[in-house]
>>> print(open('data-v1.cif').read())   # mmCIF, C-alpha atoms and all ligand atoms
data_target
loop_
_atom_site.label_atom_id
_atom_site.label_comp_id
_atom_site.auth_asym_id
_atom_site.auth_seq_id
_atom_site.Cartn_x
_atom_site.Cartn_y
_atom_site.Cartn_z
CA MET A 25 0.00 0.00 0.00
CA ASN A 26 1.54 3.28 -1.14
CA LYS A 27 -0.73 5.89 0.36
CA THR A 28 0.91 8.74 2.21
CA CYS A 29 -1.20 8.39 5.36
CA LEU A 30 -3.12 5.21 6.09
CA ARG A 31 -6.61 5.59 7.57
CA ILE A 32 -6.87 2.97 10.30
CA GLY A 33 -10.12 2.29 12.16
CA HIS A 34 -9.65 1.96 15.92
CA ARG A 35 -11.27 -1.19 17.36
CA GLY A 36 -13.19 -1.28 14.06
CA ALA A 37 -14.94 2.07 13.92
CA LYS A 38 -15.40 2.65 17.65
CA GLY A 39 -16.81 6.14 17.18
CA TYR A 40 -19.79 4.73 15.28
CA VAL A 41 -20.44 1.12 16.39
CA ALA A 42 -19.55 -0.82 19.56
CA GLU A 43 -15.80 -1.46 19.65
CA ASN A 44 -14.16 -4.70 18.52
CA THR A 45 -17.36 -6.19 17.09
CA ILE A 46 -18.01 -7.63 13.63
CA GLU A 47 -20.49 -4.81 13.03
CA SER A 48 -17.89 -2.18 13.96
CA ILE A 49 -15.36 -3.74 11.60
CA GLN A 50 -17.98 -3.98 8.85
CA HIS A 51 -18.70 -0.29 9.34
CA ALA A 52 -14.99 0.53 9.10
CA LEU A 53 -14.79 -1.46 5.86
CA SER A 54 -17.80 0.45 4.52
CA LEU A 55 -15.81 3.65 5.16
CA ASP A 56 -13.12 2.25 2.87
CA VAL A 57 -10.40 2.27 5.53
CA ASP A 58 -6.83 1.26 4.72
CA GLY A 59 -6.51 -0.67 7.97
CA ILE A 60 -8.34 -1.87 11.07
CA GLU A 61 -6.94 -2.11 14.58
CA ILE A 62 -8.26 -4.72 17.05
CA ASP A 63 -7.29 -5.98 20.51
CA ILE A 64 -6.66 -9.62 21.36
CA HIS A 65 -6.97 -11.84 24.43
CA GLN A 66 -6.88 -15.61 24.84
CA CYS A 67 -9.97 -17.11 26.46
CA ALA A 68 -9.99 -20.14 28.78
CA SER A 69 -10.68 -22.65 25.98
CA GLY A 70 -7.65 -21.39 24.04
CA GLU A 71 -9.18 -19.35 21.21
CA LEU A 72 -8.15 -15.77 20.58
CA VAL A 73 -10.96 -13.29 21.07
CA VAL A 74 -11.25 -9.69 19.96
CA PHE A 75 -11.75 -7.58 23.06
CA HIS A 76 -10.06 -4.60 24.64
CA ASP A 77 -10.37 -4.87 28.42
CA PHE A 78 -9.03 -7.64 30.64
CA THR A 79 -12.45 -7.83 32.29
CA LEU A 80 -15.90 -8.16 30.77
CA ASP A 81 -17.72 -5.64 32.92
CA ARG A 82 -17.41 -2.34 31.01
CA VAL A 83 -18.85 -3.38 27.65
CA THR A 84 -20.74 -6.65 28.20
CA ASN A 85 -23.45 -8.06 30.45
CA GLY A 86 -20.87 -10.47 31.91
CA SER A 87 -18.26 -9.95 34.59
CA GLY A 88 -14.81 -11.07 35.58
CA GLU A 89 -11.61 -11.78 33.64
CA ILE A 90 -12.08 -12.59 29.96
CA SER A 91 -9.23 -15.14 30.17
CA GLU A 92 -11.21 -17.18 32.71
CA HIS A 93 -14.21 -17.78 30.41
CA ILE A 94 -14.45 -20.39 27.67
CA LEU A 95 -15.53 -19.34 24.17
CA SER A 96 -19.07 -20.77 24.42
CA GLU A 97 -19.65 -18.65 27.54
CA LEU A 98 -18.29 -15.53 25.85
CA LYS A 99 -20.43 -16.13 22.77
CA HIS A 100 -23.57 -15.96 24.95
CA LEU A 101 -22.71 -12.48 26.23
CA LYS A 102 -23.91 -9.25 24.70
CA VAL A 103 -21.54 -6.40 23.93
CA LYS A 104 -23.34 -3.09 24.47
CA GLU A 105 -26.62 -5.04 24.72
CA GLN A 106 -26.71 -6.21 21.10
CA TYR A 107 -23.43 -7.48 19.68
CA SER A 108 -21.21 -10.53 20.29
CA ILE A 109 -17.54 -10.97 21.00
CA PRO A 110 -15.81 -12.17 17.81
CA THR A 111 -12.84 -14.50 17.60
CA LEU A 112 -9.72 -13.44 15.75
CA GLU A 113 -10.65 -16.01 13.09
CA ASP A 114 -14.11 -14.41 12.66
CA VAL A 115 -12.35 -11.11 11.99
CA LEU A 116 -9.75 -12.59 9.65
CA ASN A 117 -12.52 -14.22 7.61
CA LEU A 118 -14.49 -10.97 7.49
CA ILE A 119 -11.59 -8.75 6.49
CA ASP A 120 -10.28 -11.35 4.03
CA LYS A 121 -7.35 -9.21 2.83
CA LYS A 122 -9.53 -6.14 2.14
CA CYS A 123 -7.24 -3.97 4.27
CA LEU A 124 -4.32 -4.02 6.68
CA LEU A 125 -5.06 -5.75 10.00
CA ASN A 126 -3.35 -4.31 13.07
CA ILE A 127 -3.55 -6.95 15.81
CA GLU A 128 -2.76 -5.48 19.22
CA LEU A 129 -1.71 -8.16 21.69
CA LYS A 130 -3.27 -7.33 25.05
CA GLY A 131 -3.65 -10.53 27.05
CA LYS A 132 -1.12 -13.14 28.11
CA ASN A 133 -0.61 -16.28 26.01
CA THR A 134 -1.59 -14.52 22.81
CA VAL A 135 1.73 -14.84 20.98
CA GLU A 136 1.79 -18.43 19.76
CA GLU A 137 -1.78 -18.62 18.50
CA THR A 138 -1.52 -15.22 16.81
CA SER A 139 1.66 -16.30 15.03
CA ARG A 140 0.09 -19.63 14.08
CA LEU A 141 -3.02 -17.98 12.64
CA ILE A 142 -1.00 -15.42 10.67
CA ASP A 143 1.10 -18.22 9.19
CA PHE A 144 -2.05 -20.21 8.36
CA TYR A 145 -3.72 -17.25 6.63
CA VAL A 146 -0.50 -16.54 4.70
CA ASP A 147 0.05 -20.17 3.69
CA LYS A 148 -3.55 -21.20 3.00
CA LYS A 149 -5.73 -18.13 2.53
CA GLY A 150 -3.70 -15.87 0.26
CA TRP A 151 -2.81 -13.21 2.82
CA LYS A 152 0.65 -11.63 2.77
CA TYR A 153 2.67 -10.92 5.90
CA GLN A 154 2.46 -7.25 4.88
CA ASP A 155 -1.31 -7.42 5.35
CA PHE A 156 -0.64 -7.67 9.09
CA ILE A 157 1.01 -5.58 11.75
CA VAL A 158 1.23 -6.99 15.27
CA SER A 159 1.58 -4.30 17.94
CA SER A 160 1.73 -4.21 21.71
CA PHE A 161 2.67 -2.07 24.68
CA GLN A 162 4.13 -5.26 26.13
CA GLN A 163 7.57 -5.54 24.65
CA ASP A 164 8.11 -9.10 25.90
CA LEU A 165 5.20 -10.22 23.72
CA LEU A 166 6.65 -8.50 20.65
CA ALA A 167 10.06 -10.05 21.35
CA SER A 168 8.39 -13.48 21.49
CA VAL A 169 6.64 -12.95 18.15
CA TYR A 170 9.99 -11.88 16.65
CA LYS A 171 11.61 -15.04 18.01
CA ILE A 172 8.89 -17.30 16.54
CA ASN A 173 8.65 -15.73 13.08
CA LYS A 174 10.81 -12.83 11.90
CA LYS A 175 8.57 -12.23 8.88
CA ILE A 176 5.65 -10.89 10.92
CA PRO A 177 5.63 -7.05 10.80
CA LEU A 178 5.80 -5.56 14.29
CA GLY A 179 4.82 -2.20 15.76
CA VAL A 180 5.93 -0.85 19.14
CA LEU A 181 3.19 0.96 21.04
CA THR A 182 4.18 3.66 23.50
CA ASP A 183 2.54 6.29 25.64
CA THR A 184 5.49 6.95 27.91
CA ASP A 185 9.01 6.80 26.48
CA LEU A 186 9.55 7.32 22.76
CA ASP A 187 13.33 6.87 22.88
CA GLN A 188 13.01 3.57 24.69
CA ALA A 189 10.36 2.38 22.20
CA ILE A 190 12.67 3.28 19.31
CA ALA A 191 15.63 1.51 20.93
CA PHE A 192 13.52 -1.60 21.53
CA GLY A 193 12.06 -1.39 18.01
CA LYS A 194 15.56 -1.66 16.59
CA THR A 195 16.20 -4.91 18.48
CA ILE A 196 13.14 -6.61 16.95
CA HIS A 197 13.41 -4.93 13.53
CA ALA A 198 9.98 -3.37 14.05
CA VAL A 199 8.45 -1.80 10.97
CA ALA A 200 6.65 0.89 12.95
CA ILE A 201 6.44 2.85 16.16
CA HIS A 202 2.88 3.51 17.39
CA PRO A 203 3.03 6.56 19.68
CA ASP A 204 0.19 8.21 21.53
CA TYR A 205 -0.33 11.40 19.47
CA THR A 206 -0.09 13.62 22.57
CA MET A 207 3.62 12.86 22.84
CA LEU A 208 4.46 13.49 19.16
CA THR A 209 6.10 16.61 17.75
CA LYS A 210 7.06 17.28 14.15
CA THR A 211 10.70 16.62 15.09
CA HIS A 212 9.84 13.28 16.71
CA ILE A 213 8.00 12.19 13.59
CA SER A 214 10.87 13.05 11.26
CA THR A 215 13.41 11.43 13.62
CA ILE A 216 11.45 8.18 13.83
CA LYS A 217 11.02 8.13 10.05
CA SER A 218 14.70 8.89 9.44
CA LEU A 219 15.52 5.74 11.43
CA GLY A 220 13.50 3.69 8.96
CA PHE A 221 10.35 3.16 11.04
CA LYS A 222 6.84 4.07 10.01
CA VAL A 223 4.82 6.22 12.42
CA PHE A 224 1.30 5.00 13.19
CA THR A 225 -0.16 7.32 15.79
CA TYR A 226 -3.25 6.72 17.95
CA THR A 227 -6.04 7.54 18.89
CA VAL A 228 -6.62 10.72 16.95
CA ASN A 229 -10.24 11.82 16.66
CA ASP A 230 -10.08 15.58 16.44
CA LYS A 231 -10.00 16.87 12.86
CA LYS A 232 -7.47 19.62 13.56
CA THR A 233 -5.06 17.17 15.19
CA ILE A 234 -5.54 14.70 12.36
CA SER A 235 -4.60 17.48 9.90
CA ARG A 236 -1.52 18.35 11.94
CA MET A 237 -0.40 14.73 12.05
CA LYS A 238 -0.87 14.40 8.30
CA LYS A 239 1.01 17.67 7.69
CA HIS A 240 3.90 16.28 9.74
CA LYS A 241 3.78 13.19 7.53
CA VAL A 242 2.85 10.35 9.85
CA ASP A 243 2.40 7.11 7.91
CA GLY A 244 -0.91 6.23 9.52
CA VAL A 245 -3.52 7.57 11.90
CA ILE A 246 -5.56 5.23 14.10
CA SER A 247 -8.95 6.83 14.77
CA ASP A 248 -12.37 5.98 16.19
CA PHE A 249 -13.68 8.02 13.23
CA PRO A 250 -11.48 6.83 10.35
CA ASP A 251 -13.52 8.77 7.79
CA ARG A 252 -12.16 11.98 9.37
CA ILE A 253 -8.61 11.10 8.28
O1 LIG B 301 -3.26 0.47 19.01
C1 LIG B 301 -3.54 1.78 19.37
C2 LIG B 301 -4.44 1.88 20.59
O2 LIG B 301 -5.51 1.02 20.43
C3 LIG B 301 -3.73 1.57 21.85
O3 LIG B 301 -4.47 1.86 23.00
O4 LIG B 301 -5.91 1.30 24.91
O5 LIG B 301 -6.95 1.86 22.74
O6 LIG B 301 -5.76 -0.30 23.05
P1 LIG B 301 -5.83 1.14 23.43
CA CA B 302 -5.87 -1.20 20.91
#
>>> encode(input="data-v1.cif", output="structure tokens", more="lines below")
Ligand code: G3P
Ligand code: CA
Amino acid sequence: MNKTCLRIGHRGAKGYVAENTIESIQHALSLDVDGIEIDIHQCASGELVVFHDFTLDRVTNGSGEISEHILSELKHLKVKEQYSIPTLEDVLNLIDKKCLLNIELKGKNTVEETSRLIDFYVDKKGWKYQDFIVSSFQQDLLASVYKINKKIPLGVLTDTDLDQAIAFGKTIHAVAIHPDYTMLTKTHISTIKSLGFKVFTYTVNDKKTISRMKKHKVDGVISDFPDRI
């Protein structure tokens, strides 16, 4: 993809439809996004599920840790009273190479199954490694992905220490740094880019800030309202 600034829907299109649901991702696709960002946990029966929080309480009618529930239990819950929790495979089958998929590893034990699924979709379903970017704030998880398969594109998320994220990114040959936009100046952006990383900034919803980020030549903006990019 050769666009100057990728339009990436945050948790699907969180500003329009309940986050990390099939319907939210469908809405993002209908907005012709270049990419979609989702969050991943492993549930108690081993499948990877698309969900942001470690606990169910904020967005579902369930409660407790998501990692302590098996998939059939999670599938009975309602997200924001009407939607279900998708698996990563549900999302892969929906997106089906239509855009970049940014998988953010949130929960523990997500590395091996994410790597296995990416390999499977590359080997058997016609995806390319470049159709994926795996990101995380948890650098140990990114280091484990790098150890398992060096072909998987990686992005280092940071909301605290840009220099440390860049230094770590070099060790795992990350393709991108994903900084919180509030910490980014024009100089930061050009420095990160001069080191060979892409800059995918999050979560930018305000039109003026989106314009500023684009003017400073970030490679991608992750937004709840991707049609504003
Ligand atoms: O991947 C960018 C952004 O989603 C990271 O923060 O808390 O929304 O997952 P969060
Ligand atoms: Ca996320």
>>> residues_near_ligand(input="data-v1.cif", ligand="ligand LIG 301 (chain B)", cutoff="9 Å", atoms="only C-alpha atoms and all ligand atoms", output="list of chain:residue names")
A:His34, A:Arg35, A:Glu61, A:Ile62, A:Asp63, A:His76, A:Asp77, A:Asn126, A:Ile127, A:Glu128, A:Leu129, A:Lys130, A:Ser159, A:Ser160, A:Phe161, A:Leu181, A:Thr182, A:Asp183, A:His202, A:Pro203, A:Asp204, A:Phe224, A:Thr225, A:Tyr226, A:Thr227, A:Ile246, A:Ser247
>>> closest_residue(input="data-v1.cif", among="A:Leu124, A:Val223, A:Ile32, A:Ile213", to="Gly179 (chain A)", atoms="all atoms listed in the file")
A:Val223
>>> residues_near_point(input="data-v1.cif", point="(-15.5, -11.3, 13.2)", cutoff="12 Å", atoms="only C-alpha atoms", output="PyMOL selection string")
chain A and resi 35-36+43-50+62+72-75+99+107-120
>>> atom_distance(input="data-v1.cif", atom1="CA of Lys152 (chain A)", atom2="CA of Val169 (chain A)")
16.6 Å
>>> closest_residue(input="data-v1.cif", among="A:Arg82, A:Met237, A:Ala200, A:Asn229", to="Ala37 (chain A)", atoms="all atoms listed in the file")
A:Asn229
>>> closest_residue(input="data-v1.cif", among="A:Leu125, A:Ala68, A:Ala189, A:Leu219", to="ligand CA 302 (chain B)", atoms="only C-alpha atoms and all ligand atoms")
A:Leu125
>>> atom_distance(input="data-v1.cif", atom1="CA of His65 (chain A)", atom2="CA of Tyr170 (chain A)")
18.7 Å
>>> closest_residue(input="data-v1.cif", among="A:His240, A:Lys38, A:His100, A:Arg140", to="Ile172 (chain A)", atoms="all atoms listed in the file")
A:Arg140
>>> atom_distance(input="data-v1.cif", atom1="CA of Tyr145 (chain A)", atom2="CA of Ile176 (chain A)")
12.1 Å
>>> axis_aligned_box(input="data-v1.cif", around="region 55-72 of chain A", padding_each_side="3 Å", output="JSON")
{"center_x": -11.2, "center_y": -9.5, "center_z": 15.8, "size_x": 15.3, "size_y": 32.3, "size_z": 31.9}
>>> closest_residue(input="data-v1.cif", among="A:Thr138, A:Thr209, A:Val180, A:Gly150", to="ligand CA 302 (chain B)", atoms="all atoms listed in the file")
A:Val180
>>> residues_around(input="data-v1.cif", residues="Arg31 (chain A)", least_positions_apart="3", cutoff="7 Å", atoms="only C-alpha atoms", output="ChimeraX atom specification")
/A:57-59,244-246,250,253
>>> closest_residue(input="data-v1.cif", among="A:Glu71, A:Asp248, A:Asp243, A:Thr206", to="ligand CA 302 (chain B)", atoms="all atoms listed in the file")
A:Asp248
>>> decode(input="data-v1.cif", residues="region 138-161 of chain A", atoms="N, CA and C atoms", output="JSON list (two decimals), in the first residue's frame")
[["chain", "number", "residue", "atom", "x", "y", "z"],
["A", 138, "THR", "N", -1.51, -16.29, 17.81],
["A", 138, "THR", "CA", -1.52, -15.22, 16.81],
["A", 138, "THR", "C", -0.54, -15.55, 15.68],
["A", 139, "SER", "N", 0.66, -15.97, 16.06],
["A", 139, "SER", "CA", 1.66, -16.30, 15.03],
["A", 139, "SER", "C", 1.18, -17.47, 14.18],
["A", 140, "ARG", "N", 0.57, -18.46, 14.83],
["A", 140, "ARG", "CA", 0.09, -19.63, 14.08],
["A", 140, "ARG", "C", -1.00, -19.22, 13.08],
["A", 141, "LEU", "N", -1.93, -18.39, 13.53],
["A", 141, "LEU", "CA", -3.02, -17.98, 12.64],
["A", 141, "LEU", "C", -2.50, -17.13, 11.48],
["A", 142, "ILE", "N", -1.57, -16.24, 11.77],
["A", 142, "ILE", "CA", -1.00, -15.42, 10.67],
["A", 142, "ILE", "C", -0.34, -16.34, 9.65],
["A", 143, "ASP", "N", 0.45, -17.28, 10.12],
["A", 143, "ASP", "CA", 1.10, -18.22, 9.19],
["A", 143, "ASP", "C", 0.06, -19.00, 8.37],
["A", 144, "PHE", "N", -1.01, -19.44, 9.05],
["A", 144, "PHE", "CA", -2.05, -20.21, 8.36],
["A", 144, "PHE", "C", -2.71, -19.36, 7.27],
["A", 145, "TYR", "N", -3.04, -18.10, 7.61],
["A", 145, "TYR", "CA", -3.72, -17.25, 6.63],
["A", 145, "TYR", "C", -2.77, -16.84, 5.49],
["A", 146, "VAL", "N", -1.48, -16.80, 5.77],
["A", 146, "VAL", "CA", -0.50, -16.54, 4.70],
["A", 146, "VAL", "C", -0.35, -17.79, 3.82],
["A", 147, "ASP", "N", -0.20, -18.94, 4.45],
["A", 147, "ASP", "CA", 0.05, -20.17, 3.69],
["A", 147, "ASP", "C", -1.19, -20.66, 2.93],
["A", 148, "LYS", "N", -2.36, -20.53, 3.56],
["A", 148, "LYS", "CA", -3.55, -21.20, 3.00],
["A", 148, "LYS", "C", -4.64, -20.26, 2.49],
["A", 149, "LYS", "N", -4.59, -18.99, 2.87],
["A", 149, "LYS", "CA", -5.73, -18.13, 2.53],
["A", 149, "LYS", "C", -5.33, -16.93, 1.68],
["A", 150, "GLY", "N", -4.10, -16.91, 1.21],
["A", 150, "GLY", "CA", -3.70, -15.87, 0.26],
["A", 150, "GLY", "C", -3.33, -14.52, 0.86],
["A", 151, "TRP", "N", -3.27, -14.46, 2.21],
["A", 151, "TRP", "CA", -2.81, -13.21, 2.82],
["A", 151, "TRP", "C", -1.30, -13.09, 2.64],
["A", 152, "LYS", "N", -0.79, -11.85, 2.73],
["A", 152, "LYS", "CA", 0.65, -11.63, 2.77],
["A", 152, "LYS", "C", 1.02, -11.18, 4.18],
["A", 153, "TYR", "N", 2.26, -11.41, 4.57],
["A", 153, "TYR", "CA", 2.67, -10.92, 5.90],
["A", 153, "TYR", "C", 2.43, -9.40, 6.01],
["A", 154, "GLN", "N", 2.61, -8.71, 4.88],
["A", 154, "GLN", "CA", 2.46, -7.25, 4.88],
["A", 154, "GLN", "C", 1.01, -6.81, 5.09],
["A", 155, "ASP", "N", 0.08, -7.77, 5.04],
["A", 155, "ASP", "CA", -1.31, -7.42, 5.35],
["A", 155, "ASP", "C", -1.54, -7.32, 6.85],
["A", 156, "PHE", "N", -0.52, -7.68, 7.63],
["A", 156, "PHE", "CA", -0.64, -7.67, 9.09],
["A", 156, "PHE", "C", 0.37, -6.70, 9.70],
["A", 157, "ILE", "N", 0.00, -6.15, 10.86],
["A", 157, "ILE", "CA", 1.01, -5.58, 11.75],
["A", 157, "ILE", "C", 0.58, -5.95, 13.17],
["A", 158, "VAL", "N", 1.50, -6.58, 13.89],
["A", 158, "VAL", "CA", 1.23, -6.99, 15.27],
["A", 158, "VAL", "C", 1.87, -5.95, 16.18],
["A", 159, "SER", "N", 1.05, -5.34, 17.04],
["A", 159, "SER", "CA", 1.58, -4.30, 17.94],
["A", 159, "SER", "C", 1.27, -4.67, 19.38],
["A", 160, "SER", "N", 2.00, -4.02, 20.28],
["A", 160, "SER", "CA", 1.73, -4.21, 21.71],
["A", 160, "SER", "C", 2.48, -3.16, 22.51],
["A", 161, "PHE", "N", 1.92, -2.84, 23.70],
["A", 161, "PHE", "CA", 2.67, -2.07, 24.68],
["A", 161, "PHE", "C", 3.63, -2.99, 25.43]]
